[in-house]
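Peer 1: The structure file structure-v2.csv (CSV, C-alpha atoms) is provided below.
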```csv
chain,number,residue,atom,x,y,z
I,286,MET,CA,71.5,25.9,20.6
I,287,SER,CA,70.8,26.1,16.8
I,288,ALA,CA,68.7,28.7,15.1
I,289,GLY,CA,66.2,25.9,14.3
I,290,ARG,CA,65.8,25.0,17.9
I,291,VAL,CA,65.4,28.7,18.9
I,292,ASN,CA,62.7,29.2,16.3
I,293,ALA,CA,60.9,26.1,17.5
I,294,VAL,CA,60.3,27.5,20.9
I,295,LYS,CA,56.8,28.6,21.3
I,296,PRO,CA,55.9,31.7,23.3
I,297,PRO,CA,53.8,31.2,26.4
I,298,PRO,CA,50.1,31.4,25.8
I,299,GLY,CA,48.6,34.9,26.1
I,300,LYS,CA,45.8,35.8,28.5
I,301,TRP,CA,43.3,35.4,25.6
I,302,ALA,CA,44.5,32.0,24.6
I,303,ASP,CA,41.3,30.2,25.6
I,304,LEU,CA,39.0,32.7,24.0
I,305,SER,CA,37.8,30.1,21.4
I,306,ARG,CA,36.7,27.8,24.2
I,307,ARG,CA,34.7,30.6,25.7
I,308,VAL,CA,33.1,31.4,22.4
I,309,ALA,CA,32.3,27.7,22.0
I,310,SER,CA,30.6,27.7,25.4
I,311,THR,CA,28.5,30.7,24.5
I,312,LEU,CA,27.5,29.1,21.2
I,313,VAL,CA,26.4,25.9,23.0
I,314,LEU,CA,24.3,27.8,25.5
I,315,LEU,CA,22.7,29.8,22.7
I,316,GLY,CA,22.0,26.5,21.0
I,317,ILE,CA,20.2,25.3,24.1
I,318,GLY,CA,18.2,28.5,24.0
I,319,VAL,CA,17.2,27.9,20.4
I,320,MET,CA,16.4,24.3,21.1
I,321,LEU,CA,14.1,25.3,23.9
I,322,ALA,CA,12.5,27.9,21.7
I,323,VAL,CA,11.6,25.4,18.9
I,324,ALA,CA,11.2,22.2,20.9
I,325,THR,CA,8.2,21.5,23.0
I,326,GLY,CA,6.4,18.5,24.4
I,327,ASN,CA,8.0,15.1,23.6
I,328,TRP,CA,10.8,16.6,21.4
I,329,LEU,CA,12.0,18.8,24.3
I,330,ARG,CA,11.9,15.9,26.7
I,331,LEU,CA,13.8,13.7,24.3
I,332,ALA,CA,16.5,16.4,23.8
I,333,MET,CA,17.0,16.7,27.6
I,334,ALA,CA,17.1,12.9,28.0
I,335,VAL,CA,19.9,12.8,25.4
I,336,ILE,CA,21.8,15.5,27.2
I,337,SER,CA,21.3,13.5,30.5
I,338,ALA,CA,22.7,10.4,28.9
I,339,VAL,CA,25.8,12.1,27.4
I,340,THR,CA,26.7,13.9,30.7
I,341,PHE,CA,26.1,10.7,32.7
I,342,TRP,CA,28.5,8.9,30.4
I,343,GLU,CA,31.1,11.5,31.1
I,344,LEU,CA,30.5,11.3,34.8
I,345,ALA,CA,30.8,7.6,34.9
I,346,ALA,CA,34.1,7.8,33.0
I,347,MET,CA,35.5,10.3,35.5
I,348,THR,CA,34.4,8.3,38.6
I,349,GLY,CA,35.8,4.9,37.8
I,350,TRP,CA,36.2,3.9,34.2
I,351,LYS,CA,39.4,5.9,33.5
I,352,SER,CA,41.1,4.8,36.6
I,353,PRO,CA,43.9,2.2,36.3
I,354,ARG,CA,42.5,0.7,39.5
I,355,LEU,CA,39.0,0.4,38.1
I,356,HIS,CA,36.6,-2.0,39.9
I,357,PRO,CA,34.5,-3.0,37.0
I,358,GLY,CA,31.3,-3.2,38.9
I,359,ILE,CA,28.1,-4.7,37.5
I,360,PHE,CA,28.6,-3.4,34.0
I,361,GLY,CA,32.3,-4.1,33.5
I,362,ALA,CA,34.0,-2.1,30.8
I,363,TRP,CA,30.6,-1.0,29.4
I,364,ARG,CA,29.5,0.7,32.6
I,365,PRO,CA,29.6,4.3,31.3
I,366,PHE,CA,27.6,3.5,28.2
I,367,ALA,CA,25.1,1.3,30.1
I,368,LEU,CA,24.6,4.1,32.7
I,369,ALA,CA,24.0,6.6,29.9
I,370,ILE,CA,21.2,4.3,28.6
I,371,ILE,CA,19.7,4.0,32.0
I,372,ALA,CA,19.9,7.8,32.5
I,373,PHE,CA,18.1,8.3,29.1
I,374,MET,CA,15.4,5.8,29.9
I,375,SER,CA,14.9,7.3,33.4
I,376,GLN,CA,14.2,10.7,32.0
I,377,VAL,CA,11.7,9.2,29.5
I,378,VAL,CA,9.9,7.4,32.3
I,379,ALA,CA,10.0,10.4,34.7
I,380,HIS,CA,8.4,12.6,32.0
I,381,GLY,CA,6.2,10.0,30.4
I,382,PHE,CA,4.0,9.0,33.2
I,383,ASP,CA,1.5,11.3,34.8
I,384,HIS,CA,2.0,10.1,38.4
I,385,PRO,CA,3.8,11.7,41.3
I,386,ALA,CA,5.9,8.5,41.8
I,387,ALA,CA,7.3,8.7,38.2
I,388,ILE,CA,10.0,11.2,39.4
I,389,LEU,CA,11.5,8.4,41.4
I,390,ALA,CA,12.8,7.0,38.1
I,391,LEU,CA,15.5,9.7,38.2
I,392,LEU,CA,17.1,7.6,40.9
I,393,PHE,CA,17.7,4.6,38.7
I,394,PRO,CA,21.1,5.5,37.3
I,395,LEU,CA,22.3,6.4,40.8
I,396,ILE,CA,21.3,3.1,42.3
I,397,ALA,CA,22.7,1.2,39.3
I,398,GLY,CA,26.0,3.0,39.1
I,399,ILE,CA,27.1,3.6,42.7
I,400,PRO,CA,28.5,0.0,43.1
I,401,GLY,CA,30.7,0.4,40.1
I,402,ALA,CA,32.2,3.8,41.1
I,403,GLN,CA,35.6,3.9,42.8
I,404,PRO,CA,35.1,3.6,46.5
I,405,ARG,CA,36.4,7.1,47.1
I,406,ASP,CA,34.1,8.5,44.4
I,407,ARG,CA,30.8,6.9,45.3
I,408,TRP,CA,29.4,10.0,47.0
I,409,THR,CA,30.9,12.2,44.2
I,410,TYR,CA,29.1,10.0,41.6
I,411,ALA,CA,25.8,10.2,43.6
I,412,ILE,CA,25.9,14.0,44.1
I,413,PHE,CA,26.9,14.9,40.6
I,414,GLY,CA,24.6,12.2,39.1
I,415,ALA,CA,21.6,13.6,41.1
I,416,ALA,CA,22.4,17.1,39.8
I,417,ILE,CA,22.5,15.9,36.2
I,418,MET,CA,19.1,14.2,36.5
I,419,LEU,CA,17.5,17.0,38.3
I,420,VAL,CA,18.7,19.7,36.0
I,421,ALA,CA,17.5,17.9,32.8
I,422,TYR,CA,14.2,17.2,34.5
I,423,GLY,CA,13.9,20.8,35.9
I,424,LEU,CA,14.6,22.5,32.6
I,425,VAL,CA,11.7,20.7,31.0
I,426,GLY,CA,9.5,21.8,33.9
I,427,PHE,CA,10.7,25.4,33.7
I,428,ARG,CA,9.9,25.5,29.9
I,429,GLU,CA,6.5,23.9,30.3
I,430,ASP,CA,5.4,25.6,33.5
I,431,TYR,CA,7.0,29.1,33.3
I,432,GLY,CA,7.5,29.6,29.6
I,433,LEU,CA,10.3,30.2,27.2
I,434,ASN,CA,11.2,33.7,28.5
I,435,PHE,CA,11.9,32.3,31.9
I,436,VAL,CA,14.4,29.7,30.5
I,437,LEU,CA,16.0,32.4,28.3
I,438,TRP,CA,16.5,34.5,31.4
I,439,LEU,CA,18.3,31.6,33.0
I,440,MET,CA,20.5,31.1,30.0
I,441,GLY,CA,21.1,34.8,29.7
I,442,ILE,CA,22.4,35.0,33.3
I,443,VAL,CA,24.9,32.1,32.6
I,444,ILE,CA,26.1,33.7,29.3
I,445,ILE,CA,26.5,37.2,30.8
I,446,SER,CA,28.3,35.8,33.8
I,447,ASP,CA,30.7,33.8,31.7
I,448,THR,CA,31.3,36.6,29.2
I,449,ALA,CA,31.7,39.4,31.8
I,450,GLY,CA,33.8,37.2,34.0
I,451,TYR,CA,36.1,36.2,31.2
I,452,PHE,CA,36.8,39.7,29.7
I,453,PHE,CA,36.9,41.7,32.9
I,454,GLY,CA,39.0,39.0,34.6
I,455,ARG,CA,41.5,39.1,31.8
I,456,MET,CA,41.5,42.9,31.5
I,457,ILE,CA,41.6,43.7,35.3
I,458,GLY,CA,43.2,40.6,36.7
I,459,GLY,CA,44.0,40.7,40.4
I,460,PRO,CA,43.5,38.1,43.1
I,461,LYS,CA,42.3,34.6,42.2
I,462,PHE,CA,38.9,33.6,43.3
I,463,TRP,CA,39.7,29.9,44.0
I,464,PRO,CA,43.2,29.2,42.7
I,465,SER,CA,43.4,25.6,43.8
I,466,LEU,CA,40.5,24.7,41.7
I,467,SER,CA,40.2,27.3,39.0
I,468,PRO,CA,43.6,29.1,38.5
I,469,LYS,CA,42.3,31.5,35.9
I,470,LYS,CA,39.1,32.7,37.7
I,471,THR,CA,39.7,36.1,39.4
I,472,TRP,CA,37.7,38.1,41.9
I,473,SER,CA,37.4,40.9,39.4
I,474,GLY,CA,35.8,38.5,36.8
I,475,THR,CA,33.6,36.9,39.4
I,476,VAL,CA,32.2,40.2,40.6
I,477,ALA,CA,31.8,41.4,37.0
I,478,GLY,CA,29.5,38.4,36.5
I,479,TRP,CA,27.4,39.3,39.5
I,480,ALA,CA,27.1,42.9,38.3
I,481,GLY,CA,26.1,41.7,34.8
I,482,ALA,CA,23.4,39.5,36.2
I,483,LEU,CA,22.2,42.3,38.5
I,484,LEU,CA,21.9,44.6,35.5
I,485,LEU,CA,20.0,42.0,33.5
I,486,GLY,CA,17.5,41.6,36.3
I,487,LEU,CA,17.2,45.3,36.8
I,488,LEU,CA,16.7,45.9,33.1
I,489,LEU,CA,14.0,43.3,32.8
I,490,TRP,CA,12.2,44.7,35.8
I,491,ARG,CA,12.4,48.3,34.7
I,492,MET,CA,11.2,47.3,31.2
I,493,GLY,CA,8.1,45.6,32.7
I,494,ARG,CA,9.3,42.2,31.6
I,495,GLY,CA,9.3,40.7,35.1
I,496,ASP,CA,8.8,41.5,38.8
I,497,VAL,CA,11.2,43.1,41.2
I,498,SER,CA,12.4,39.7,42.5
I,499,LEU,CA,14.5,39.4,39.3
I,500,VAL,CA,16.8,42.1,40.8
I,501,TRP,CA,17.9,39.8,43.7
I,502,CYS,CA,17.4,36.5,42.1
I,503,SER,CA,19.6,37.2,39.1
I,504,PRO,CA,22.9,37.6,41.1
I,505,LEU,CA,22.1,34.6,43.3
I,506,VAL,CA,21.6,32.4,40.2
I,507,CYS,CA,24.8,33.8,38.7
I,508,LEU,CA,26.7,32.9,41.9
I,509,ALA,CA,25.3,29.4,41.7
I,510,GLY,CA,26.3,29.1,38.1
I,511,GLN,CA,29.9,30.1,39.0
I,512,MET,CA,29.9,27.5,41.8
I,513,GLY,CA,28.7,24.9,39.2
I,514,ASP,CA,31.8,25.8,37.2
I,515,ILE,CA,34.0,25.4,40.3
I,516,ALA,CA,32.5,22.1,41.2
I,517,GLU,CA,33.1,20.6,37.8
I,518,SER,CA,36.7,21.9,37.9
I,519,TRP,CA,37.1,20.1,41.2
I,520,LEU,CA,35.7,16.9,39.7
I,521,LYS,CA,38.1,17.0,36.8
I,522,ARG,CA,41.1,17.6,39.1
I,523,ARG,CA,40.0,14.7,41.2
I,524,ALA,CA,39.7,12.5,38.2
I,525,GLY,CA,43.1,13.7,36.8
I,526,VAL,CA,41.6,14.8,33.4
I,527,LYS,CA,41.7,18.2,31.6
I,528,ASP,CA,38.2,17.9,30.1
I,529,SER,CA,35.2,15.8,30.9
I,530,SER,CA,35.5,14.1,27.4
I,531,ASN,CA,36.5,14.9,23.8
I,532,LEU,CA,33.0,14.9,22.4
I,533,ILE,CA,33.3,18.5,21.3
I,534,PRO,CA,36.6,18.5,19.4
I,535,GLY,CA,39.0,21.0,20.9
I,536,HIS,CA,36.5,22.2,23.4
I,537,GLY,CA,36.0,19.3,25.9
I,538,GLY,CA,32.8,17.6,26.7
I,539,PHE,CA,29.2,18.3,27.5
I,540,MET,CA,29.8,18.7,31.3
I,541,ASP,CA,32.4,21.4,30.5
I,542,ARG,CA,29.8,23.4,28.7
I,543,PHE,CA,26.8,22.7,31.1
I,544,ASP,CA,28.6,23.1,34.5
I,545,ALA,CA,27.3,26.7,35.0
I,546,VAL,CA,23.9,25.8,33.7
I,547,THR,CA,23.7,23.0,36.3
I,548,GLY,CA,24.5,25.3,39.2
I,549,ALA,CA,22.1,28.0,37.9
I,550,VAL,CA,19.2,25.6,37.4
I,551,LEU,CA,19.6,23.9,40.8
I,552,ALA,CA,19.7,27.3,42.5
I,553,THR,CA,16.5,28.3,40.7
I,554,MET,CA,14.8,25.1,41.8
I,555,LEU,CA,15.8,25.8,45.4
I,556,ILE,CA,14.5,29.3,45.2
I,557,GLY,CA,11.2,27.9,43.9
I,558,LEU,CA,11.0,25.6,46.9
I,559,LEU,CA,11.7,28.3,49.4
I,560,THR,CA,9.8,31.2,47.9
I,561,ALA,CA,8.0,32.1,44.6
I,562,LEU,CA,10.0,32.1,41.5
I,563,PRO,CA,10.3,35.5,39.6
I,564,ALA,CA,7.9,36.1,36.8
I,565,VAL,CA,9.6,36.7,33.4
I,566,ASN,CA,7.2,38.0,30.7
```
Go ahead and render the structure in this file as structure tokens.
Peer 2:
Amino acid sequence: MSAGRVNAVKPPPGKWADLSRRVASTLVLLGIGVMLAVATGNWLRLAMAVISAVTFWELAAMTGWKSPRLHPGIFGAWRPFALAIIAFMSQVVAHGFDHPAAILALLFPLIAGIPGAQPRDRWTYAIFGAAIMLVAYGLVGFREDYGLNFVLWLMGIVIISDTAGYFFGRMIGGPKFWPSLSPKKTWSGTVAGWAGALLLGLLLWRMGRGDVSLVWCSPLVCLAGQMGDIAESWLKRRAGVKDSSNLIPGHGGFMDRFDAVTGAVLATMLIGLLTALPAVN
């Protein structure tokens, strides 16, 4: 083997090789927090409708459009784009009409898109699609009904979980949490995320910035965010893709950045249905 060939061989990536992707995720989440801080009313609703549309476009692509055995469905090759438009308009309708039935508009992209998904992915499309619509709708509701600090608490849990999980997982290592779906996620990093969320809830309570339920709600929401990450990893493996899209150059798509937020918001909505949500002052 020549010297040139030897020099061309690249060393295996280190355990910090994906640090830039983690930094990008954190910046995106911070951007959401800033957006929610400055956007209210129709601007906030418009922003969440756009996020709904983009993530729906990615979901449609992963559940039919990229498959060589695509059944074109009712929208043909334009199905992902058409579904994104329907998702956008559905959020606008759901938020724009002061009537209890308006929330049913969130079902429109599900009804329109299920026939065009691959037969094996129709339930996948329906479940993930429902999650996308509920989360975008729910974030607006949280901001308007519970205030900015409540939403920043949610975002803080996701950021702390992701950051603590990444660094402690890389430094401590150990057994994998779910190797078949997320080969890099370790038990040490997962538990570190729970601990970070617990400390955040405890700190806010002790500082008088919320009630005691933050202490137990925070780790639960953290776990749900981690499961959102796992669920999206499963979806990408099922679709045979590395990222949900290439919309964020070098860092994947919107679903890759919002997966943990999705799990966290859905868990918070469920907690709100079962018991009172924690107060965050």
Peer 1: Would you kindly return, as a list in words, each protein, DNA or RNA residue with an atom no farther than 10 Å from any atom of Gly454 of chain I, considering all atoms listed in the file and excluding same-chain residues fewer than 5 positions away?
Peer 2: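 Returned residues: Lys300, Thr448, Ala449, Gly459, Pro460, Lys461, Lys469, Lys470, Thr471, Trp472, Ser473, Gly474, Thr475, Val476, Ala477 and Gly478 of chain I.
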Peer 1: Could you tell me how far atom CA of Glu343 of chain I sits from atom CA of Val378 of chain I, in Å to one decimal place?
Peer 2: 21.6 Å
Peer 1: Which one of I:Val526, I:Met440, I:Val420, I:Val425 sits closest to Leu555 of chain I if you count only C-alpha atoms?
Peer 2: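 Among the listed residues, I:Val420 lies closest to Leu555 of chain I.
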Peer 1: Please provide the set of residues having any atom within 9 Å of segment 499-504 of chain I, restricted to only C-alpha atoms, with same-chain residues fewer than 5 positions apart removed, written as a PyMOL selection string.
Peer 2: chain I and resi 438-439+442+478-490+509+553+556+562-565
Peer 1: With only C-alpha atoms as the basis for distance, which of I:Asp541, I:Gln376, I:Val335, I:Asp496 is at the shortest distance from Asp528 of chain I?
Peer 2: I:Asp541
Peer 1: Calculated over all atoms listed in the file, which of the candidates I:Val546, I:Thr325, I:Ala372, I:Ile396 has the smallest distance to Gly432 of chain I?
Peer 2: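 Under the stated criterion, the closest residue is I:Thr325.
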Peer 1: If you measure from atom CA of Phe393 of chain I to atom CA of Val506 of chain I, what distance in Å do you get, rounded to one decimal?
Peer 2: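 If I compute the distance from atom CA of Phe393 of chain I to atom CA of Val506 of chain I, I get 28.1 Å.
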Peer 1: Check the smallest atom-to-atom distance from each of I:Ser337, I:Ser375, I:Ser465, I:Asn434 to Arg523 of chain I using all atoms listed in the file, then report the winner.
Peer 2: I:Ser465
Peer 1: Between atom CA of Val443 of chain I and atom CA of Met347 of chain I, what is the distance, to one decimal in Å?
Peer 2: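 Atom-to-atom, atom CA of Val443 of chain I to atom CA of Met347 of chain I, that is 24.4 Å.
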Peer 1: Counting all atoms listed in the file, which of I:Leu329, I:Ile515, I:Leu391, I:Val308 gets nearest to Phe373 of chain I?
Peer 2: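 Of I:Leu329, I:Ile515, I:Leu391, I:Val308, the one nearest Phe373 of chain I is I:Leu391, counting all atoms listed in the file.
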Peer 1: Taking all atoms listed in the file into account, which of I:Leu559, I:Ala379, I:Ala386, I:Ile445 comes nearest Tyr422 of chain I?
Peer 2: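 Comparing I:Leu559, I:Ala379, I:Ala386, I:Ile445 against Tyr422 of chain I, the winner is I:Ala379.
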Peer 1: Just want the 12 Å neighbourhood of Leu551 of chain I, counted on all atoms listed in the file, with same-chain residues fewer than 2 positions away dropped. Output as a PyMOL selection string.
Peer 2: chain I and resi 413+415-424+427+439+505-510+512-513+544-549+553-558
Peer 1: Please, which residues are within 6 Å of (37.5, 19.0, 28.3) by the file's coordinates, counting all atoms listed in the file, and could they come as an NGL selection string?
Peer 2: :I and (527-530 or 536-538)
